[in-house]
Amino acid sequence: MHVIHRKGWEIPEREATPEHLFLNRRSLLKAGAALGAGTIAPGLSSIAMAADNPTAGLYPARANDAFKGVFTPEDVGARYNNFYEFGLSKKVYAAAEALKTRPWTIKIDGLVEKPMEIGADDLIKMMPLEERVYRHRCVEAWSMVLPWTGFPLKKLVDYARPLSGAKYLRFETFMDPKMASGQRSFFPWPYVEGLTMAEATNDLALMVTGAYGKPLANVFGAPIRLHTPWKYGFKSIKSITKISFVADRPKTFWEESGPGEYGFWANVNPQVPHPRWSQASEEVIGTGERKPTQLFNGYGEFVADLYKGLEGEKLYI
Ligand SMILES: Nc1nc2c(c(=O)[nH]1)N[C@H]1C(S)=C(S)[C@@H](COP(=O)(O)O)O[C@H]1N2
Ligand SMILES: [Mo]
C-alpha cells in the first residue's frame, strides 16, 4: 500500500522528549543504526513475547515513513494500561498474562457478502503489515506515543465485502469471565465499540497486531486490537473476536456504562471538558510533564472531513 508522505503525521522530537526517552532512542539508534530513525531494532526490548507465535517472523515490519517519531519506552508503555477485563488498575500486565490468545478466531458477520470466521494468525499473515508511531490520548487526560505494527482497517473492510446497507462496524472483545476476572464485575460485558463506515475506511484507522517491533503483548490487547488515534483511547478496543457490519449505530460498552460521560464519537477536543474534568491538557506518561491537548489529538487535517454535516452530533464526548 502506498501512503503519501505528509509532514503533519510525524511526531516531532520537541513534542515531549524527556531525558530518558532520548537515552532510550540514542541506544536504539546506536544498536540499530542501519535501520534508521523511527524503526525498531529487534532484540533490544526487555519485555518478552510468546516463543510459540507463528507470526513472529513478520516482525519488525516495514516502517511507514509518514508515521516515524519518538515513542514512549516499552517499559513505560507496556506497564501503564487500561484493560478492564483484567482489573481496574493501570498495572494489569501480570493479570493480562491469563489471556489465552491461541487459538483465536475472529468472526466477521452482519451485512457482508459472506459471513466468515478467520484465524487471527491467518488474518495477520494475509494483511500488509507496517509500523506506525501513533499518539494515544486516553479520556482520563493522559497520553503516550506507541510504535504499533498493523494494517489499515480499510483492508479488512475490503476483504469482508460489506453490502450497501452496512453503515457501521461493531467490534466485540472476547467474553470469558473464568479467564478474565474483571468480567465478573458489574460492567456490561463484553466490551463493544463502533465506528462509522467512513471512519473505518479512513487511512488512520489501524488494526494493531504488534507493538515495539514484536507481536502484541497481551496487555496491549493481543492478538489484534484497533487504534483510532484521533479519538479517546476507549474507542481502541482490544482483543477483538467479532466484527459485525450493521445498519444501526451500535451501543458501546462505555455508552452503556456512563451515558452522560461517554458517547459514540469520542473525538479528542481540548475545548470540550469531560463532565468531571478538563480535557485541555494531558499528562505525558513516563515524564510527569503536562502538555496542551490538540483537537483530534493532532490528526485533524486528515479526519476533520469525516464530520462535515454532523455538527449536530455530540462529536467530542
Ligand atoms: N477490551 C478492552 N479494550 C480497551 C479497554 C478495555 O478496558 N478493554 N480500555 C480502553 C482504554 S480506556 C484505553 S486508554 C486503551 C488503552 O490501550 P493501551 O493499554 O494499549 O495503552 O485501550 C482501550 N481498549
Ligand atoms: Mo482510556
# chains A, B, ... in the order shown; residues from 1 in each chain; ligands from 1
>>> residues_around(residues="Trp189 (chain A)", least_positions_apart="6", cutoff="8 Å", atoms="only C-alpha atoms", output="VMD selection string")
chain A and resid 175 183 253
>>> write_last_selection(atoms="C-alpha atoms", output="mmCIF file, in the first residue's frame")
data_model
loop_
_atom_site.group_PDB
_atom_site.id
_atom_site.type_symbol
_atom_site.label_atom_id
_atom_site.label_comp_id
_atom_site.auth_asym_id
_atom_site.auth_seq_id
_atom_site.Cartn_x
_atom_site.Cartn_y
_atom_site.Cartn_z
ATOM 1 C CA MET A 175 -16.173 -12.927 26.770
ATOM 2 C CA GLN A 183 -15.539 -9.689 33.579
ATOM 3 C CA PHE A 253 -19.624 -0.543 26.340
#
>>> residues_near_ligand(ligand="ligand 2", cutoff="8 Å", atoms="only C-alpha atoms and all ligand atoms", output="ChimeraX atom specification")
/A:82,137-140,232-234
>>> write_last_selection(atoms="N, CA, C and O atoms", output="PDB file, in the first residue's frame")
ATOM      1  N   ASN A  82      -4.937   0.398  30.242  1.00  0.00           N
ATOM      2  CA  ASN A  82      -6.320   0.136  30.626  1.00  0.00           C
ATOM      3  C   ASN A  82      -6.764  -1.140  29.927  1.00  0.00           C
ATOM      4  O   ASN A  82      -6.697  -1.239  28.696  1.00  0.00           O
ATOM      5  N   ARG A 137      -4.281   9.147  23.226  1.00  0.00           N
ATOM      6  CA  ARG A 137      -4.811  10.080  24.237  1.00  0.00           C
ATOM      7  C   ARG A 137      -5.996   9.425  24.939  1.00  0.00           C
ATOM      8  O   ARG A 137      -7.062   9.232  24.360  1.00  0.00           O
ATOM      9  N   CYS A 138      -5.803   9.074  26.203  1.00  0.00           N
ATOM     10  CA  CYS A 138      -6.893   8.488  26.993  1.00  0.00           C
ATOM     11  C   CYS A 138      -7.834   9.598  27.438  1.00  0.00           C
ATOM     12  O   CYS A 138      -7.411  10.728  27.704  1.00  0.00           O
ATOM     13  N   VAL A 139      -9.112   9.252  27.571  1.00  0.00           N
ATOM     14  CA  VAL A 139     -10.127  10.207  28.037  1.00  0.00           C
ATOM     15  C   VAL A 139      -9.829  10.672  29.464  1.00  0.00           C
ATOM     16  O   VAL A 139     -10.299  11.723  29.894  1.00  0.00           O
ATOM     17  N   GLU A 140      -8.995   9.909  30.183  1.00  0.00           N
ATOM     18  CA  GLU A 140      -8.612  10.277  31.559  1.00  0.00           C
ATOM     19  C   GLU A 140      -7.526  11.344  31.592  1.00  0.00           C
ATOM     20  O   GLU A 140      -6.976  11.625  32.658  1.00  0.00           O
ATOM     21  N   TYR A 232     -10.571   9.407  21.676  1.00  0.00           N
ATOM     22  CA  TYR A 232     -10.148   8.984  23.006  1.00  0.00           C
ATOM     23  C   TYR A 232      -9.881   7.473  22.990  1.00  0.00           C
ATOM     24  O   TYR A 232     -10.504   6.717  22.246  1.00  0.00           O
ATOM     25  N   GLY A 233      -8.933   7.083  23.841  1.00  0.00           N
ATOM     26  CA  GLY A 233      -8.399   5.722  23.813  1.00  0.00           C
ATOM     27  C   GLY A 233      -9.435   4.628  23.967  1.00  0.00           C
ATOM     28  O   GLY A 233      -9.230   3.515  23.475  1.00  0.00           O
ATOM     29  N   PHE A 234     -10.562   4.917  24.623  1.00  0.00           N
ATOM     30  CA  PHE A 234     -11.518   3.827  24.860  1.00  0.00           C
ATOM     31  C   PHE A 234     -12.143   3.307  23.579  1.00  0.00           C
ATOM     32  O   PHE A 234     -12.697   2.202  23.557  1.00  0.00           O
TER      33      PHE A 234
END
>>> residues_around(residues="Lys91 (chain A)", least_positions_apart="3", cutoff="8 Å", atoms="only C-alpha atoms", output="PyMOL selection string")
chain A and resi 79-81+94
>>> closest_atom_pairs(of="chain A", to="ligand 1", cutoff="8 Å", atoms="only C-alpha atoms and all ligand atoms", output="JSON lines")
{"residue": "A:Gly77", "atom": "CA", "partner": "ligand 1", "partner_atom_place_in_ligand_line": "21 (O)", "distance": 6.7}
{"residue": "A:Ala78", "atom": "CA", "partner": "ligand 1", "partner_atom_place_in_ligand_line": "19 (O)", "distance": 7.1}
{"residue": "A:Tyr80", "atom": "CA", "partner": "ligand 1", "partner_atom_place_in_ligand_line": "19 (O)", "distance": 6.6}
{"residue": "A:Asn81", "atom": "CA", "partner": "ligand 1", "partner_atom_place_in_ligand_line": "19 (O)", "distance": 3.5}
{"residue": "A:Asn82", "atom": "CA", "partner": "ligand 1", "partner_atom_place_in_ligand_line": "9 (N)", "distance": 4.5}
{"residue": "A:Phe83", "atom": "CA", "partner": "ligand 1", "partner_atom_place_in_ligand_line": "7 (O)", "distance": 3.4}
{"residue": "A:Tyr84", "atom": "CA", "partner": "ligand 1", "partner_atom_place_in_ligand_line": "7 (O)", "distance": 3.7}
{"residue": "A:Glu85", "atom": "CA", "partner": "ligand 1", "partner_atom_place_in_ligand_line": "8 (N)", "distance": 5.9}
{"residue": "A:Phe86", "atom": "CA", "partner": "ligand 1", "partner_atom_place_in_ligand_line": "7 (O)", "distance": 7.9}
{"residue": "A:His136", "atom": "CA", "partner": "ligand 1", "partner_atom_place_in_ligand_line": "21 (O)", "distance": 7.1}
{"residue": "A:Arg137", "atom": "CA", "partner": "ligand 1", "partner_atom_place_in_ligand_line": "14 (S)", "distance": 6.9}
{"residue": "A:Cys138", "atom": "CA", "partner": "ligand 1", "partner_atom_place_in_ligand_line": "14 (S)", "distance": 4.3}
{"residue": "A:Val139", "atom": "CA", "partner": "ligand 1", "partner_atom_place_in_ligand_line": "14 (S)", "distance": 6.8}
{"residue": "A:Glu140", "atom": "CA", "partner": "ligand 1", "partner_atom_place_in_ligand_line": "14 (S)", "distance": 7.7}
{"residue": "A:Met144", "atom": "CA", "partner": "ligand 1", "partner_atom_place_in_ligand_line": "21 (O)", "distance": 7.6}
{"residue": "A:Glu172", "atom": "CA", "partner": "ligand 1", "partner_atom_place_in_ligand_line": "1 (N)", "distance": 7.8}
{"residue": "A:Thr173", "atom": "CA", "partner": "ligand 1", "partner_atom_place_in_ligand_line": "1 (N)", "distance": 5.2}
{"residue": "A:Phe174", "atom": "CA", "partner": "ligand 1", "partner_atom_place_in_ligand_line": "1 (N)", "distance": 7.8}
{"residue": "A:Pro190", "atom": "CA", "partner": "ligand 1", "partner_atom_place_in_ligand_line": "1 (N)", "distance": 7.8}
{"residue": "A:Tyr191", "atom": "CA", "partner": "ligand 1", "partner_atom_place_in_ligand_line": "1 (N)", "distance": 5.2}
{"residue": "A:Val192", "atom": "CA", "partner": "ligand 1", "partner_atom_place_in_ligand_line": "1 (N)", "distance": 7.6}
{"residue": "A:Val219", "atom": "CA", "partner": "ligand 1", "partner_atom_place_in_ligand_line": "19 (O)", "distance": 6.3}
{"residue": "A:Phe220", "atom": "CA", "partner": "ligand 1", "partner_atom_place_in_ligand_line": "20 (O)", "distance": 4.1}
{"residue": "A:Gly221", "atom": "CA", "partner": "ligand 1", "partner_atom_place_in_ligand_line": "20 (O)", "distance": 6.7}
{"residue": "A:Arg225", "atom": "CA", "partner": "ligand 1", "partner_atom_place_in_ligand_line": "3 (N)", "distance": 7.8}
{"residue": "A:Leu226", "atom": "CA", "partner": "ligand 1", "partner_atom_place_in_ligand_line": "24 (N)", "distance": 8.0}
{"residue": "A:Tyr232", "atom": "CA", "partner": "ligand 1", "partner_atom_place_in_ligand_line": "14 (S)", "distance": 7.1}
{"residue": "A:Gly233", "atom": "CA", "partner": "ligand 1", "partner_atom_place_in_ligand_line": "14 (S)", "distance": 3.9}
{"residue": "A:Phe234", "atom": "CA", "partner": "ligand 1", "partner_atom_place_in_ligand_line": "10 (C)", "distance": 3.7}
{"residue": "A:Lys235", "atom": "CA", "partner": "ligand 1", "partner_atom_place_in_ligand_line": "23 (C)", "distance": 6.2}
{"residue": "A:Ser236", "atom": "CA", "partner": "ligand 1", "partner_atom_place_in_ligand_line": "24 (N)", "distance": 4.7}
{"residue": "A:Ile237", "atom": "CA", "partner": "ligand 1", "partner_atom_place_in_ligand_line": "3 (N)", "distance": 3.8}
{"residue": "A:Lys238", "atom": "CA", "partner": "ligand 1", "partner_atom_place_in_ligand_line": "3 (N)", "distance": 3.9}
{"residue": "A:Ser239", "atom": "CA", "partner": "ligand 1", "partner_atom_place_in_ligand_line": "1 (N)", "distance": 6.0}
{"residue": "A:Ile240", "atom": "CA", "partner": "ligand 1", "partner_atom_place_in_ligand_line": "1 (N)", "distance": 7.4}
>>> write_last_selection(atoms="N, CA and C atoms", output="mmCIF file, in the first residue's frame")
data_model
loop_
_atom_site.group_PDB
_atom_site.id
_atom_site.type_symbol
_atom_site.label_atom_id
_atom_site.label_comp_id
_atom_site.auth_asym_id
_atom_site.auth_seq_id
_atom_site.Cartn_x
_atom_site.Cartn_y
_atom_site.Cartn_z
ATOM 1 N N GLY A 77 5.316 2.105 28.399
ATOM 2 C CA GLY A 77 4.096 1.909 27.619
ATOM 3 C C GLY A 77 3.392 0.597 27.906
ATOM 4 N N ALA A 78 4.160 -0.434 28.224
ATOM 5 C CA ALA A 78 3.569 -1.750 28.469
ATOM 6 C C ALA A 78 3.337 -1.993 29.961
ATOM 7 N N TYR A 80 1.593 0.626 31.871
ATOM 8 C CA TYR A 80 0.569 1.598 32.277
ATOM 9 C C TYR A 80 -0.543 1.474 31.242
ATOM 10 N N ASN A 81 -1.569 0.718 31.559
ATOM 11 C CA ASN A 81 -2.559 0.346 30.556
ATOM 12 C C ASN A 81 -3.970 0.349 31.131
ATOM 13 N N ASN A 82 -4.937 0.398 30.242
ATOM 14 C CA ASN A 82 -6.320 0.136 30.626
ATOM 15 C C ASN A 82 -6.764 -1.140 29.927
ATOM 16 N N PHE A 83 -7.175 -2.117 30.730
ATOM 17 C CA PHE A 83 -7.679 -3.378 30.186
ATOM 18 C C PHE A 83 -8.594 -3.943 31.274
ATOM 19 N N TYR A 84 -9.812 -3.387 31.322
ATOM 20 C CA TYR A 84 -10.728 -3.649 32.438
ATOM 21 C C TYR A 84 -11.112 -5.114 32.587
ATOM 22 N N GLU A 85 -10.961 -5.888 31.520
ATOM 23 C CA GLU A 85 -11.228 -7.322 31.635
ATOM 24 C C GLU A 85 -10.324 -7.962 32.692
ATOM 25 N N PHE A 86 -9.192 -7.303 32.966
ATOM 26 C CA PHE A 86 -8.225 -7.870 33.918
ATOM 27 C C PHE A 86 -8.040 -6.990 35.150
ATOM 28 N N HIS A 136 -1.396 8.479 21.475
ATOM 29 C CA HIS A 136 -2.546 7.841 22.130
ATOM 30 C C HIS A 136 -3.006 8.758 23.264
ATOM 31 N N ARG A 137 -4.281 9.147 23.226
ATOM 32 C CA ARG A 137 -4.811 10.080 24.237
ATOM 33 C C ARG A 137 -5.996 9.425 24.939
ATOM 34 N N CYS A 138 -5.803 9.074 26.203
ATOM 35 C CA CYS A 138 -6.893 8.488 26.993
ATOM 36 C C CYS A 138 -7.834 9.598 27.438
ATOM 37 N N VAL A 139 -9.112 9.252 27.571
ATOM 38 C CA VAL A 139 -10.127 10.207 28.037
ATOM 39 C C VAL A 139 -9.829 10.672 29.464
ATOM 40 N N GLU A 140 -8.995 9.909 30.183
ATOM 41 C CA GLU A 140 -8.612 10.277 31.559
ATOM 42 C C GLU A 140 -7.526 11.344 31.592
ATOM 43 N N MET A 144 0.421 8.808 25.674
ATOM 44 C CA MET A 144 1.734 8.249 25.352
ATOM 45 C C MET A 144 1.849 8.157 23.843
ATOM 46 N N GLU A 172 -16.377 -6.401 18.935
ATOM 47 C CA GLU A 172 -16.610 -7.029 20.236
ATOM 48 C C GLU A 172 -15.340 -7.716 20.714
ATOM 49 N N THR A 173 -15.074 -7.594 22.019
ATOM 50 C CA THR A 173 -13.951 -8.286 22.671
ATOM 51 C C THR A 173 -14.431 -9.650 23.152
ATOM 52 N N PHE A 174 -13.505 -10.566 23.412
ATOM 53 C CA PHE A 174 -13.834 -11.899 23.953
ATOM 54 C C PHE A 174 -14.685 -11.783 25.215
ATOM 55 N N PRO A 190 -19.743 -8.182 27.046
ATOM 56 C CA PRO A 190 -18.368 -7.897 26.648
ATOM 57 C C PRO A 190 -18.192 -6.453 26.181
ATOM 58 N N TYR A 191 -16.931 -6.028 26.124
ATOM 59 C CA TYR A 191 -16.559 -4.697 25.634
ATOM 60 C C TYR A 191 -16.972 -4.593 24.164
ATOM 61 N N VAL A 192 -17.670 -3.504 23.844
ATOM 62 C CA VAL A 192 -18.148 -3.282 22.475
ATOM 63 C C VAL A 192 -17.759 -1.880 22.053
ATOM 64 N N VAL A 219 -1.115 -7.423 27.253
ATOM 65 C CA VAL A 219 -1.633 -6.224 27.910
ATOM 66 C C VAL A 219 -2.091 -5.163 26.897
ATOM 67 N N PHE A 220 -1.547 -5.208 25.684
ATOM 68 C CA PHE A 220 -1.960 -4.261 24.645
ATOM 69 C C PHE A 220 -3.214 -4.723 23.887
ATOM 70 N N GLY A 221 -3.709 -5.927 24.220
ATOM 71 C CA GLY A 221 -4.920 -6.397 23.541
ATOM 72 C C GLY A 221 -4.654 -7.406 22.450
ATOM 73 N N ARG A 225 -6.071 -5.653 17.967
ATOM 74 C CA ARG A 225 -6.915 -4.590 18.525
ATOM 75 C C ARG A 225 -6.934 -3.437 17.541
ATOM 76 N N LEU A 226 -7.799 -2.475 17.843
ATOM 77 C CA LEU A 226 -7.958 -1.303 16.998
ATOM 78 C C LEU A 226 -7.187 -0.130 17.593
ATOM 79 N N TYR A 232 -10.571 9.407 21.676
ATOM 80 C CA TYR A 232 -10.148 8.984 23.006
ATOM 81 C C TYR A 232 -9.881 7.473 22.990
ATOM 82 N N GLY A 233 -8.933 7.083 23.841
ATOM 83 C CA GLY A 233 -8.399 5.722 23.813
ATOM 84 C C GLY A 233 -9.435 4.628 23.967
ATOM 85 N N PHE A 234 -10.562 4.917 24.623
ATOM 86 C CA PHE A 234 -11.518 3.827 24.860
ATOM 87 C C PHE A 234 -12.143 3.307 23.579
ATOM 88 N N LYS A 235 -12.064 4.094 22.482
ATOM 89 C CA LYS A 235 -12.571 3.589 21.197
ATOM 90 C C LYS A 235 -11.695 2.458 20.667
ATOM 91 N N SER A 236 -10.443 2.423 21.114
ATOM 92 C CA SER A 236 -9.465 1.492 20.547
ATOM 93 C C SER A 236 -9.568 0.132 21.218
ATOM 94 N N ILE A 237 -10.588 -0.582 20.857
ATOM 95 C CA ILE A 237 -10.959 -1.849 21.504
ATOM 96 C C ILE A 237 -9.878 -2.927 21.327
ATOM 97 N N LYS A 238 -9.648 -3.649 22.425
ATOM 98 C CA LYS A 238 -8.594 -4.674 22.455
ATOM 99 C C LYS A 238 -9.157 -6.077 22.227
ATOM 100 N N SER A 239 -8.269 -6.984 21.858
ATOM 101 C CA SER A 239 -8.569 -8.436 21.812
ATOM 102 C C SER A 239 -9.914 -8.724 21.156
ATOM 103 N N ILE A 240 -10.002 -8.324 19.888
ATOM 104 C CA ILE A 240 -11.265 -8.393 19.136
ATOM 105 C C ILE A 240 -11.565 -9.828 18.705
#
>>> closest_residue(among="A:Gly309, A:Gly119, A:Pro188, A:Gly165", to="Asp248 (chain A)", atoms="only C-alpha atoms")
A:Gly165
>>> atom_distance(atom1="CA of Glu193 (chain A)", atom2="CA of Glu74 (chain A)")
26.2 Å
>>> select_by_dssp(residues="region 104-247 of chain A", states="alpha helix (DSSP H)", output="MDAnalysis selection string")
chainID A and resid 120:126 153:160 197:200
>>> closest_residue(among="A:Phe302, A:Trp142, A:Tyr134, A:Phe186", to="Glu199 (chain A)", atoms="only C-alpha atoms")
A:Phe302
>>> closest_residue(among="A:Thr105, A:Thr55, A:Gln294, A:Thr72", to="Lys214 (chain A)", atoms="only C-alpha atoms")
A:Thr55
>>> closest_residue(among="A:Met126, A:Leu153, A:Leu88, A:Ala198", to="Ala180 (chain A)", atoms="only C-alpha atoms")
A:Leu88
>>> select_by_dssp(residues="region 130-267 of chain A", states="strand (DSSP E)", output="VMD selection string")
chain A and resid 130 to 138 142 to 152 168 to 173 192 to 196 206 to 211 214 to 215 225 to 227 240 to 246
>>> atom_distance(atom1="CA of Thr293 (chain A)", atom2="CA of Ser278 (chain A)")
10.3 Å
>>> closest_residue(among="A:Leu306, A:Val76, A:Ala200, A:Ala217", to="Leu156 (chain A)", atoms="only C-alpha atoms")
A:Ala200
>>> closest_residue(among="A:Ser257, A:Asn202, A:Thr149, A:Thr101", to="Pro128 (chain A)", atoms="only C-alpha atoms")
A:Thr149
